[in-house]
>>> print(open('model.pdb').read())   # PDB, C-alpha atoms
ATOM      1  CA  MET A  23       0.000   0.000   0.000
ATOM      2  CA  THR A  24       2.862   2.331   0.844
ATOM      3  CA  ALA A  25       4.515   1.585  -2.519
ATOM      4  CA  ILE A  26       1.292   2.404  -4.405
ATOM      5  CA  THR A  27       0.831   5.634  -2.433
ATOM      6  CA  SER A  28       4.395   6.724  -3.116
ATOM      7  CA  ARG A  29       4.019   5.914  -6.816
ATOM      8  CA  LEU A  30       0.836   7.972  -7.054
ATOM      9  CA  ALA A  31       2.523  10.805  -5.196
ATOM     10  CA  GLY A  32       5.300  10.857  -7.770
ATOM     11  CA  PHE A  33       2.879  10.730 -10.723
ATOM     12  CA  ASP A  34       3.106  13.854 -12.860
ATOM     13  CA  ARG A  35      -0.419  14.989 -13.716
ATOM     14  CA  ARG A  36       0.589  18.018 -15.765
ATOM     15  CA  PRO A  37       0.801  16.241 -19.159
ATOM     16  CA  TRP A  38      -2.675  14.788 -18.647
ATOM     17  CA  VAL A  39      -4.050  18.187 -17.627
ATOM     18  CA  LEU A  40      -2.613  19.736 -20.785
ATOM     19  CA  LEU A  41      -3.959  16.892 -22.927
ATOM     20  CA  SER A  42      -7.393  16.859 -21.300
ATOM     21  CA  PRO A  43      -9.065  19.350 -23.712
ATOM     22  CA  ALA A  44      -7.893  17.356 -26.732
ATOM     23  CA  LEU A  45      -8.804  14.022 -25.145
ATOM     24  CA  LEU A  46     -12.228  15.348 -24.143
ATOM     25  CA  SER A  47     -12.856  16.661 -27.675
ATOM     26  CA  VAL A  48     -11.841  13.367 -29.268
ATOM     27  CA  THR A  49     -13.997  11.420 -26.830
ATOM     28  CA  LEU A  50     -17.106  13.578 -27.301
ATOM     29  CA  LEU A  51     -16.803  14.162 -31.044
ATOM     30  CA  LEU A  52     -15.312  10.876 -32.255
ATOM     31  CA  VAL A  53     -15.370   7.995 -29.788
ATOM     32  CA  ILE A  54     -18.907   8.401 -28.420
ATOM     33  CA  PRO A  55     -20.545   8.994 -31.863
ATOM     34  CA  ALA A  56     -18.668   5.956 -33.219
ATOM     35  CA  LEU A  57     -20.002   3.862 -30.342
ATOM     36  CA  PHE A  58     -23.539   5.049 -31.141
ATOM     37  CA  ILE A  59     -23.056   3.914 -34.751
ATOM     38  CA  VAL A  60     -21.817   0.518 -33.568
ATOM     39  CA  VAL A  61     -24.909   0.130 -31.381
ATOM     40  CA  TYR A  62     -27.230   1.275 -34.184
ATOM     41  CA  SER A  63     -25.780  -1.333 -36.559
ATOM     42  CA  PHE A  64     -27.257  -4.123 -34.417
ATOM     43  CA  TRP A  65     -30.753  -2.621 -34.295
ATOM     44  CA  LEU A  66     -33.519  -3.414 -36.779
ATOM     45  CA  ARG A  67     -35.799  -1.230 -38.845
ATOM     46  CA  THR A  68     -39.409  -2.319 -38.638
ATOM     47  CA  ALA A  69     -41.984  -2.247 -41.438
ATOM     48  CA  THR A  70     -43.442   0.962 -39.976
ATOM     49  CA  GLY A  71     -40.098   2.727 -40.355
ATOM     50  CA  ALA A  72     -39.268   2.778 -36.653
ATOM     51  CA  ASP A  73     -36.025   1.454 -35.199
ATOM     52  CA  GLN A  74     -36.364  -1.631 -33.035
ATOM     53  CA  VAL A  75     -33.953  -1.703 -30.117
ATOM     54  CA  THR A  76     -32.535  -5.215 -30.165
ATOM     55  CA  PHE A  77     -29.349  -7.142 -30.862
ATOM     56  CA  SER A  78     -29.439  -8.646 -34.328
ATOM     57  CA  LEU A  79     -26.850  -9.541 -36.939
ATOM     58  CA  ALA A  80     -29.362  -9.135 -39.770
ATOM     59  CA  ASN A  81     -27.874  -5.857 -41.025
ATOM     60  CA  TRP A  82     -24.346  -7.242 -40.987
ATOM     61  CA  ARG A  83     -25.498 -10.443 -42.667
ATOM     62  CA  GLU A  84     -27.117  -8.429 -45.448
ATOM     63  CA  VAL A  85     -24.119  -6.152 -45.915
ATOM     64  CA  LEU A  86     -21.563  -8.962 -45.970
ATOM     65  CA  THR A  87     -23.487 -11.452 -48.133
ATOM     66  CA  ASP A  88     -25.425  -9.334 -50.640
ATOM     67  CA  PRO A  89     -23.546  -9.237 -53.993
ATOM     68  CA  PHE A  90     -24.922  -5.725 -54.623
ATOM     69  CA  TYR A  91     -22.938  -4.225 -51.750
ATOM     70  CA  ARG A  92     -19.876  -6.284 -52.662
ATOM     71  CA  ASP A  93     -19.912  -5.016 -56.248
ATOM     72  CA  ILE A  94     -20.326  -1.384 -55.163
ATOM     73  CA  LEU A  95     -17.456  -1.792 -52.699
ATOM     74  CA  ILE A  96     -15.179  -3.214 -55.397
ATOM     75  CA  GLN A  97     -16.183  -0.390 -57.734
ATOM     76  CA  THR A  98     -15.410   2.135 -54.997
ATOM     77  CA  LEU A  99     -11.942   0.700 -54.427
ATOM     78  CA  ARG A 100     -11.265   0.638 -58.171
ATOM     79  CA  ILE A 101     -12.293   4.264 -58.696
ATOM     80  CA  ALA A 102     -10.301   5.383 -55.650
ATOM     81  CA  ALA A 103      -7.250   3.448 -56.857
ATOM     82  CA  LEU A 104      -7.439   4.865 -60.403
ATOM     83  CA  SER A 105      -7.852   8.390 -59.023
ATOM     84  CA  THR A 106      -4.879   7.902 -56.701
ATOM     85  CA  ILE A 107      -2.637   6.567 -59.471
ATOM     86  CA  THR A 108      -3.601   9.476 -61.714
ATOM     87  CA  CYS A 109      -2.855  11.958 -58.915
ATOM     88  CA  ALA A 110       0.555  10.349 -58.345
ATOM     89  CA  LEU A 111       1.479  10.510 -62.045
ATOM     90  CA  VAL A 112       0.190  14.039 -62.545
ATOM     91  CA  GLY A 113       1.237  15.469 -59.187
ATOM     92  CA  TYR A 114       4.899  14.470 -59.074
ATOM     93  CA  ILE A 115       6.070  16.969 -61.706
ATOM     94  CA  PRO A 116       4.539  20.111 -60.101
ATOM     95  CA  ALA A 117       5.700  18.942 -56.666
ATOM     96  CA  TYR A 118       9.243  18.533 -58.024
ATOM     97  CA  TYR A 119       9.078  21.943 -59.670
ATOM     98  CA  ILE A 120       7.930  23.649 -56.453
ATOM     99  CA  ALA A 121      10.537  21.863 -54.331
ATOM    100  CA  TYR A 122      13.399  22.917 -56.598
ATOM    101  CA  ALA A 123      12.081  26.393 -57.442
ATOM    102  CA  PRO A 124      14.007  29.450 -56.220
ATOM    103  CA  THR A 125      13.157  30.427 -52.676
ATOM    104  CA  ARG A 126      11.610  33.754 -53.740
ATOM    105  CA  HIS A 127       9.096  31.897 -55.943
ATOM    106  CA  LYS A 128       8.359  28.941 -53.664
ATOM    107  CA  THR A 129       5.992  30.790 -51.325
ATOM    108  CA  LEU A 130       3.905  32.077 -54.235
ATOM    109  CA  LEU A 131       3.696  28.616 -55.781
ATOM    110  CA  LEU A 132       2.562  27.099 -52.480
ATOM    111  CA  VAL A 133      -0.096  29.798 -52.096
ATOM    112  CA  LEU A 134      -1.352  29.045 -55.609
ATOM    113  CA  LEU A 135      -1.434  25.346 -54.702
ATOM    114  CA  MET A 136      -3.576  26.111 -51.664
ATOM    115  CA  LEU A 137      -6.036  28.320 -53.562
ATOM    116  CA  PRO A 138      -8.433  25.434 -54.420
ATOM    117  CA  PHE A 139      -8.994  24.883 -50.684
ATOM    118  CA  TRP A 140     -10.472  28.383 -50.457
ATOM    119  CA  VAL A 141     -13.371  27.336 -52.708
ATOM    120  CA  SER A 142     -16.075  24.938 -51.568
ATOM    121  CA  TYR A 143     -15.544  21.336 -52.650
ATOM    122  CA  ILE A 144     -19.147  21.174 -53.881
ATOM    123  CA  ILE A 145     -18.724  24.290 -56.021
ATOM    124  CA  ARG A 146     -15.483  22.927 -57.497
ATOM    125  CA  THR A 147     -17.219  19.673 -58.332
ATOM    126  CA  MET A 148     -20.270  21.303 -59.888
ATOM    127  CA  SER A 149     -18.056  23.575 -62.000
ATOM    128  CA  TRP A 150     -17.327  20.569 -64.228
ATOM    129  CA  ILE A 151     -20.962  20.635 -65.361
ATOM    130  CA  ASN A 152     -20.339  24.076 -66.891
ATOM    131  CA  ILE A 153     -17.125  22.802 -68.463
ATOM    132  CA  LEU A 154     -18.121  19.375 -69.800
ATOM    133  CA  GLY A 155     -21.891  19.716 -70.077
ATOM    134  CA  VAL A 156     -23.840  19.618 -73.328
ATOM    135  CA  SER A 157     -23.895  23.431 -73.361
ATOM    136  CA  GLY A 158     -20.613  23.727 -71.474
ATOM    137  CA  ALA A 159     -17.372  25.439 -72.401
ATOM    138  CA  VAL A 160     -15.760  22.445 -74.145
ATOM    139  CA  ASN A 161     -18.745  21.620 -76.345
ATOM    140  CA  SER A 162     -19.294  25.296 -77.145
ATOM    141  CA  ALA A 163     -15.656  25.668 -78.223
ATOM    142  CA  LEU A 164     -15.757  22.525 -80.369
ATOM    143  CA  LEU A 165     -19.009  23.617 -82.036
ATOM    144  CA  TRP A 166     -17.638  27.094 -82.682
ATOM    145  CA  ALA A 167     -14.484  25.605 -84.233
ATOM    146  CA  GLY A 168     -16.577  23.328 -86.435
ATOM    147  CA  LEU A 169     -14.943  20.158 -85.094
ATOM    148  CA  ILE A 170     -18.265  18.575 -84.136
ATOM    149  CA  ASP A 171     -21.788  18.864 -85.484
ATOM    150  CA  GLU A 172     -23.626  18.230 -82.223
ATOM    151  CA  PRO A 173     -22.671  18.341 -78.521
ATOM    152  CA  ILE A 174     -20.837  15.356 -77.053
ATOM    153  CA  GLN A 175     -22.116  13.745 -73.868
ATOM    154  CA  MET A 176     -19.059  13.852 -71.605
ATOM    155  CA  LEU A 177     -20.717  13.836 -68.177
ATOM    156  CA  TYR A 178     -22.284  11.192 -65.939
ATOM    157  CA  ASN A 179     -19.832   8.342 -66.382
ATOM    158  CA  GLU A 180     -16.947   6.789 -64.461
ATOM    159  CA  ALA A 181     -14.349   8.870 -66.304
ATOM    160  CA  THR A 182     -15.867  12.151 -65.117
ATOM    161  CA  VAL A 183     -16.088  10.799 -61.561
ATOM    162  CA  ILE A 184     -12.354  10.039 -61.663
ATOM    163  CA  LEU A 185     -11.700  13.474 -63.188
ATOM    164  CA  GLY A 186     -13.636  15.157 -60.387
ATOM    165  CA  LEU A 187     -11.794  13.143 -57.742
ATOM    166  CA  VAL A 188      -8.417  13.998 -59.269
ATOM    167  CA  HIS A 189      -9.408  17.668 -59.254
ATOM    168  CA  PHE A 190     -10.250  17.374 -55.559
ATOM    169  CA  LEU A 191      -7.349  15.174 -54.437
ATOM    170  CA  LEU A 192      -4.426  16.472 -56.504
ATOM    171  CA  PRO A 193      -3.381  19.261 -54.068
ATOM    172  CA  PHE A 194      -3.075  16.691 -51.249
ATOM    173  CA  MET A 195      -0.798  14.548 -53.394
ATOM    174  CA  ILE A 196       1.365  17.478 -54.468
ATOM    175  CA  LEU A 197       1.748  18.702 -50.876
ATOM    176  CA  ASN A 198       2.917  15.329 -49.591
ATOM    177  CA  ILE A 199       5.380  14.795 -52.433
ATOM    178  CA  TYR A 200       6.650  18.356 -52.067
ATOM    179  CA  VAL A 201       7.332  17.903 -48.349
ATOM    180  CA  SER A 202       9.305  14.739 -49.090
ATOM    181  CA  LEU A 203      11.300  16.324 -51.918
ATOM    182  CA  ASP A 204      11.987  19.486 -49.958
ATOM    183  CA  GLY A 205      13.579  17.438 -47.162
ATOM    184  CA  ILE A 206      16.116  15.731 -49.437
ATOM    185  CA  ASP A 207      19.690  16.901 -48.964
ATOM    186  CA  ARG A 208      20.722  18.556 -52.238
ATOM    187  CA  SER A 209      24.320  17.468 -51.716
ATOM    188  CA  LEU A 210      23.284  13.856 -52.336
ATOM    189  CA  THR A 211      22.246  14.691 -55.889
ATOM    190  CA  ASP A 212      25.404  16.733 -56.409
ATOM    191  CA  ALA A 213      27.491  13.802 -55.163
ATOM    192  CA  ALA A 214      25.764  11.471 -57.607
ATOM    193  CA  ARG A 215      26.440  13.898 -60.471
ATOM    194  CA  SER A 216      30.097  14.219 -59.458
ATOM    195  CA  LEU A 217      30.428  10.422 -59.570
ATOM    196  CA  GLY A 218      29.368  10.353 -63.193
ATOM    197  CA  CYS A 219      25.568  10.081 -63.051
ATOM    198  CA  THR A 220      23.513  11.961 -65.589
ATOM    199  CA  GLY A 221      20.642  14.141 -64.394
ATOM    200  CA  TRP A 222      18.143  11.349 -65.060
ATOM    201  CA  GLN A 223      20.313   8.735 -63.327
ATOM    202  CA  ALA A 224      20.740  10.976 -60.271
ATOM    203  CA  PHE A 225      16.966  11.446 -60.121
ATOM    204  CA  LYS A 226      16.262   7.726 -60.547
ATOM    205  CA  GLU A 227      18.875   6.536 -58.031
ATOM    206  CA  VAL A 228      18.683   9.291 -55.398
ATOM    207  CA  THR A 229      15.719  11.665 -55.619
ATOM    208  CA  LEU A 230      12.967   9.216 -56.547
ATOM    209  CA  PRO A 231      13.744   6.589 -53.854
ATOM    210  CA  LEU A 232      14.038   9.269 -51.160
ATOM    211  CA  SER A 233      10.689  10.781 -52.181
ATOM    212  CA  VAL A 234       8.819   7.466 -51.945
ATOM    213  CA  PRO A 235       7.597   8.141 -48.354
ATOM    214  CA  GLY A 236       5.881  11.344 -49.503
ATOM    215  CA  LEU A 237       4.468   9.594 -52.546
ATOM    216  CA  ALA A 238       3.128   6.783 -50.364
ATOM    217  CA  ALA A 239       1.653   9.223 -47.836
ATOM    218  CA  GLY A 240      -0.055  11.186 -50.589
ATOM    219  CA  SER A 241      -1.378   7.971 -52.132
ATOM    220  CA  LEU A 242      -2.822   6.821 -48.813
ATOM    221  CA  LEU A 243      -4.472  10.176 -48.166
ATOM    222  CA  CYS A 244      -5.910  10.378 -51.680
ATOM    223  CA  PHE A 245      -7.161   6.805 -51.588
ATOM    224  CA  VAL A 246      -8.902   7.195 -48.223
ATOM    225  CA  LEU A 247     -10.500  10.516 -49.165
ATOM    226  CA  GLY A 248     -11.489   9.227 -52.593
ATOM    227  CA  ALA A 249     -13.034   6.021 -51.270
ATOM    228  CA  GLY A 250     -15.060   7.940 -48.686
ATOM    229  CA  THR A 251     -16.512  10.646 -50.921
ATOM    230  CA  TYR A 252     -20.107  10.757 -52.133
ATOM    231  CA  ILE A 253     -20.470  14.263 -53.599
ATOM    232  CA  THR A 254     -18.403  13.619 -56.742
ATOM    233  CA  PRO A 255     -20.216  10.453 -57.919
ATOM    234  CA  MET A 256     -23.538  12.027 -56.994
ATOM    235  CA  VAL A 257     -22.892  15.148 -59.111
ATOM    236  CA  LEU A 258     -20.735  13.805 -61.956
ATOM    237  CA  GLY A 259     -21.601  10.099 -62.064
ATOM    238  CA  GLY A 260     -24.428   8.180 -63.639
ATOM    239  CA  PRO A 261     -26.779   5.607 -62.087
ATOM    240  CA  GLY A 262     -24.135   2.880 -62.393
ATOM    241  CA  ASP A 263     -21.267   4.933 -60.951
ATOM    242  CA  ALA A 264     -22.353   5.037 -57.306
ATOM    243  CA  MET A 265     -19.701   4.572 -54.639
ATOM    244  CA  PHE A 266     -20.041   2.999 -51.222
ATOM    245  CA  ALA A 267     -20.526   6.310 -49.422
ATOM    246  CA  ASN A 268     -23.542   6.951 -51.666
ATOM    247  CA  LEU A 269     -25.129   3.793 -50.250
ATOM    248  CA  VAL A 270     -24.575   5.107 -46.732
ATOM    249  CA  PHE A 271     -26.099   8.458 -47.690
ATOM    250  CA  GLU A 272     -29.060   6.748 -49.374
ATOM    251  CA  ALA A 273     -29.722   4.453 -46.420
ATOM    252  CA  ILE A 274     -29.524   7.125 -43.717
ATOM    253  CA  VAL A 275     -30.758  10.328 -45.380
ATOM    254  CA  THR A 276     -33.217   9.035 -47.986
ATOM    255  CA  GLN A 277     -34.533   5.803 -46.446
ATOM    256  CA  LEU A 278     -33.959   6.839 -42.802
ATOM    257  CA  ASN A 279     -32.622   3.328 -42.234
ATOM    258  CA  TRP A 280     -30.055   4.121 -39.552
ATOM    259  CA  PRO A 281     -29.274   0.480 -38.626
ATOM    260  CA  LEU A 282     -28.379  -0.528 -42.194
ATOM    261  CA  GLY A 283     -26.562   2.748 -42.856
ATOM    262  CA  SER A 284     -24.535   2.286 -39.685
ATOM    263  CA  ALA A 285     -23.461  -1.201 -40.738
ATOM    264  CA  LEU A 286     -22.478   0.076 -44.194
ATOM    265  CA  SER A 287     -20.469   2.974 -42.784
ATOM    266  CA  LEU A 288     -18.690   0.740 -40.270
ATOM    267  CA  LEU A 289     -17.726  -1.703 -43.021
ATOM    268  CA  LEU A 290     -16.147   1.087 -45.079
ATOM    269  CA  LEU A 291     -14.521   2.538 -41.969
ATOM    270  CA  ALA A 292     -13.045  -0.842 -41.012
ATOM    271  CA  LEU A 293     -11.655  -1.399 -44.507
ATOM    272  CA  LEU A 294     -10.020   2.026 -44.722
ATOM    273  CA  SER A 295      -8.742   1.781 -41.134
ATOM    274  CA  ALA A 296      -7.093  -1.543 -41.954
ATOM    275  CA  LEU A 297      -5.369   0.116 -44.894
ATOM    276  CA  VAL A 298      -4.140   2.955 -42.671
ATOM    277  CA  LEU A 299      -2.858   0.474 -40.074
ATOM    278  CA  VAL A 300      -0.933  -1.457 -42.721
ATOM    279  CA  TYR A 301       0.596   1.781 -43.996
ATOM    280  CA  SER A 302       1.465   2.923 -40.469
ATOM    281  CA  ARG A 303       3.057  -0.448 -39.703
ATOM    282  CA  PHE A 304       5.466  -0.327 -42.628
ATOM    283  CA  LEU A 305       5.950   3.391 -43.431
ATOM    284  CA  GLY A 306       4.695   5.414 -40.474
ATOM    285  CA  ILE A 307       1.876   7.931 -40.373
ATOM    286  CA  ASP A 308       4.052  10.953 -39.528
ATOM    287  CA  GLN A 309       4.759  11.787 -43.182
ATOM    288  CA  ILE A 310       1.128  12.854 -43.689
ATOM    289  CA  ALA A 311       1.267  15.158 -40.650
ATOM    290  CA  LYS A 312       4.333  16.914 -42.085
ATOM    291  CA  SER A 313       2.402  18.060 -45.160
ATOM    292  CA  PHE A 314      -0.043  20.050 -42.977
ATOM    293  CA  ARG A 315       2.583  21.825 -40.884
TER     294      ARG A 315
END
>>> encode(input="model.pdb", output="structure tokens")
Amino acid sequence: MTAITSRLAGFDRRPWVLLSPALLSVTLLLVIPALFIVVYSFWLRTATGADQVTFSLANWREVLTDPFYRDILIQTLRIAALSTITCALVGYIPAYYIAYAPTRHKTLLLVLLMLPFWVSYIIRTMSWINILGVSGAVNSALLWAGLIDEPIQMLYNEATVILGLVHFLLPFMILNIYVSLDGIDRSLTDAARSLGCTGWQAFKEVTLPLSVPGLAAGSLLCFVLGAGTYITPMVLGGPGDAMFANLVFEAIVTQLNWPLGSALSLLLLALLSALVLVYSRFLGIDQIAKSFR
């Protein structure tokens, strides 16, 4: 008893006092709502539309065994993966340019990169309707130039969903790659050049491998955000281009089926959390935090 008392007397409470606001916020805004969703997923929705307080695996059985949900989940992962790959291929060059730009220009380039975040995501997504629509800017320009005789239907397909996601996710990819490139010691590239490497060889053997953590962090962030979005497929996609988050939205907001919607959201959350845990196990999650500093 004396040993326990002395140990408690020597316990420093100051770190916990300083962390208490953050811990309280996380508990109230994240942990408790997540627990409510877990509880809801085991309830049932009756024929009258009311929620029946019970413990049933019916919602989980439907979500895990129905081929409809499986196909939508696979489609969601495919669209998120294609969007992420496109962001990685397109985003590396501007990130490299910003990282190696003169110091007096770097701040301006970073501000320009952040400009899309100042505009609502919904407005940015809906702007593609005015660009690619039947009476949009692209069709109007092609008709004026005489290249086409009638407007081309370019909206409401998987390609425009991927385009909208790339538009939304590309700044996140560029930021993560930039942070990784900016932290590379320039003397390493100079040493490779002095040993006989060409510019391309120095990039391939030194710069590219050292920037892989930023590329991986950007890919993870883009994939998670892309897989969890519902605005882009709702605005730019057709009936067959729905993603898993659209099913959650439909179940909860349209059908008011909270038990089924909770099970759907927890399935997507578990899948994306597993991906984050795998990434954190092998590469570490700190690289993503660096891009927001």
>>> atom_distance(input="model.pdb", atom1="atom CA of A:Asn268", atom2="atom CA of A:Met148")
16.9 Å
>>> resolve_selection(input="model.pdb", expression="the PyMOL selection byres ((chain A and resi 71) around 12)", output="PyMOL selection string")
chain A and resi 66-70+72-74+274+277-281
>>> residues_near_point(input="model.pdb", point="(-13.1, -1.9, -46.5)", cutoff="10 Å", atoms="all atoms listed in the file", output="list in words")
Leu95, Ile96, Thr98, Leu99, Ala249, Phe266, Leu286, Ser287, Leu288, Leu289, Leu290, Leu291, Ala292, Leu293, Leu294, Ser295, Ala296 and Leu297 of chain A
>>> atom_distance(input="model.pdb", atom1="atom CA of A:Pro116", atom2="atom CA of A:Lys128")
11.6 Å
>>> closest_residue(input="model.pdb", among="A:Phe77, A:Phe190, A:Tyr178, A:Tyr301", to="A:Met256", atoms="all atoms listed in the file")
A:Tyr178
>>> closest_residue(input="model.pdb", among="A:Leu187, A:Leu51, A:Met195, A:Ala238", to="A:Tyr143", atoms="all atoms listed in the file")
A:Leu187
>>> residues_around(input="model.pdb", residues="stretch 205-215 of chain A", least_positions_apart="3", cutoff="10 Å", atoms="all atoms listed in the file", output="list in words")
Ala121, Tyr122, Tyr200, Val201, Ser202, Gly218, Cys219, Thr220, Gly221, Trp222, Gln223, Ala224, Phe225, Glu227, Val228, Thr229, Leu232 and Ser233 of chain A
>>> resolve_selection(input="model.pdb", expression="the PyMOL selection byres ((chain A and resi 135-141) around 10)", output="list in words")
Pro116, Ala117, Ile120, Thr129, Leu130, Leu131, Leu132, Val133, Leu134, Ser142, Tyr143, Ile144, Ile145, Arg146, His189, Phe190, Leu192, Pro193, Phe194, Ile196 and Leu197 of chain A
>>> residues_near_point(input="model.pdb", point="(-16.6, 8.9, -45.6)", cutoff="7 Å", atoms="only C-alpha atoms", output="number ranges by chain")
A: 250-251, 267
>>> atom_distance(input="model.pdb", atom1="atom CA of A:Leu237", atom2="atom CA of A:Ile184")
19.1 Å
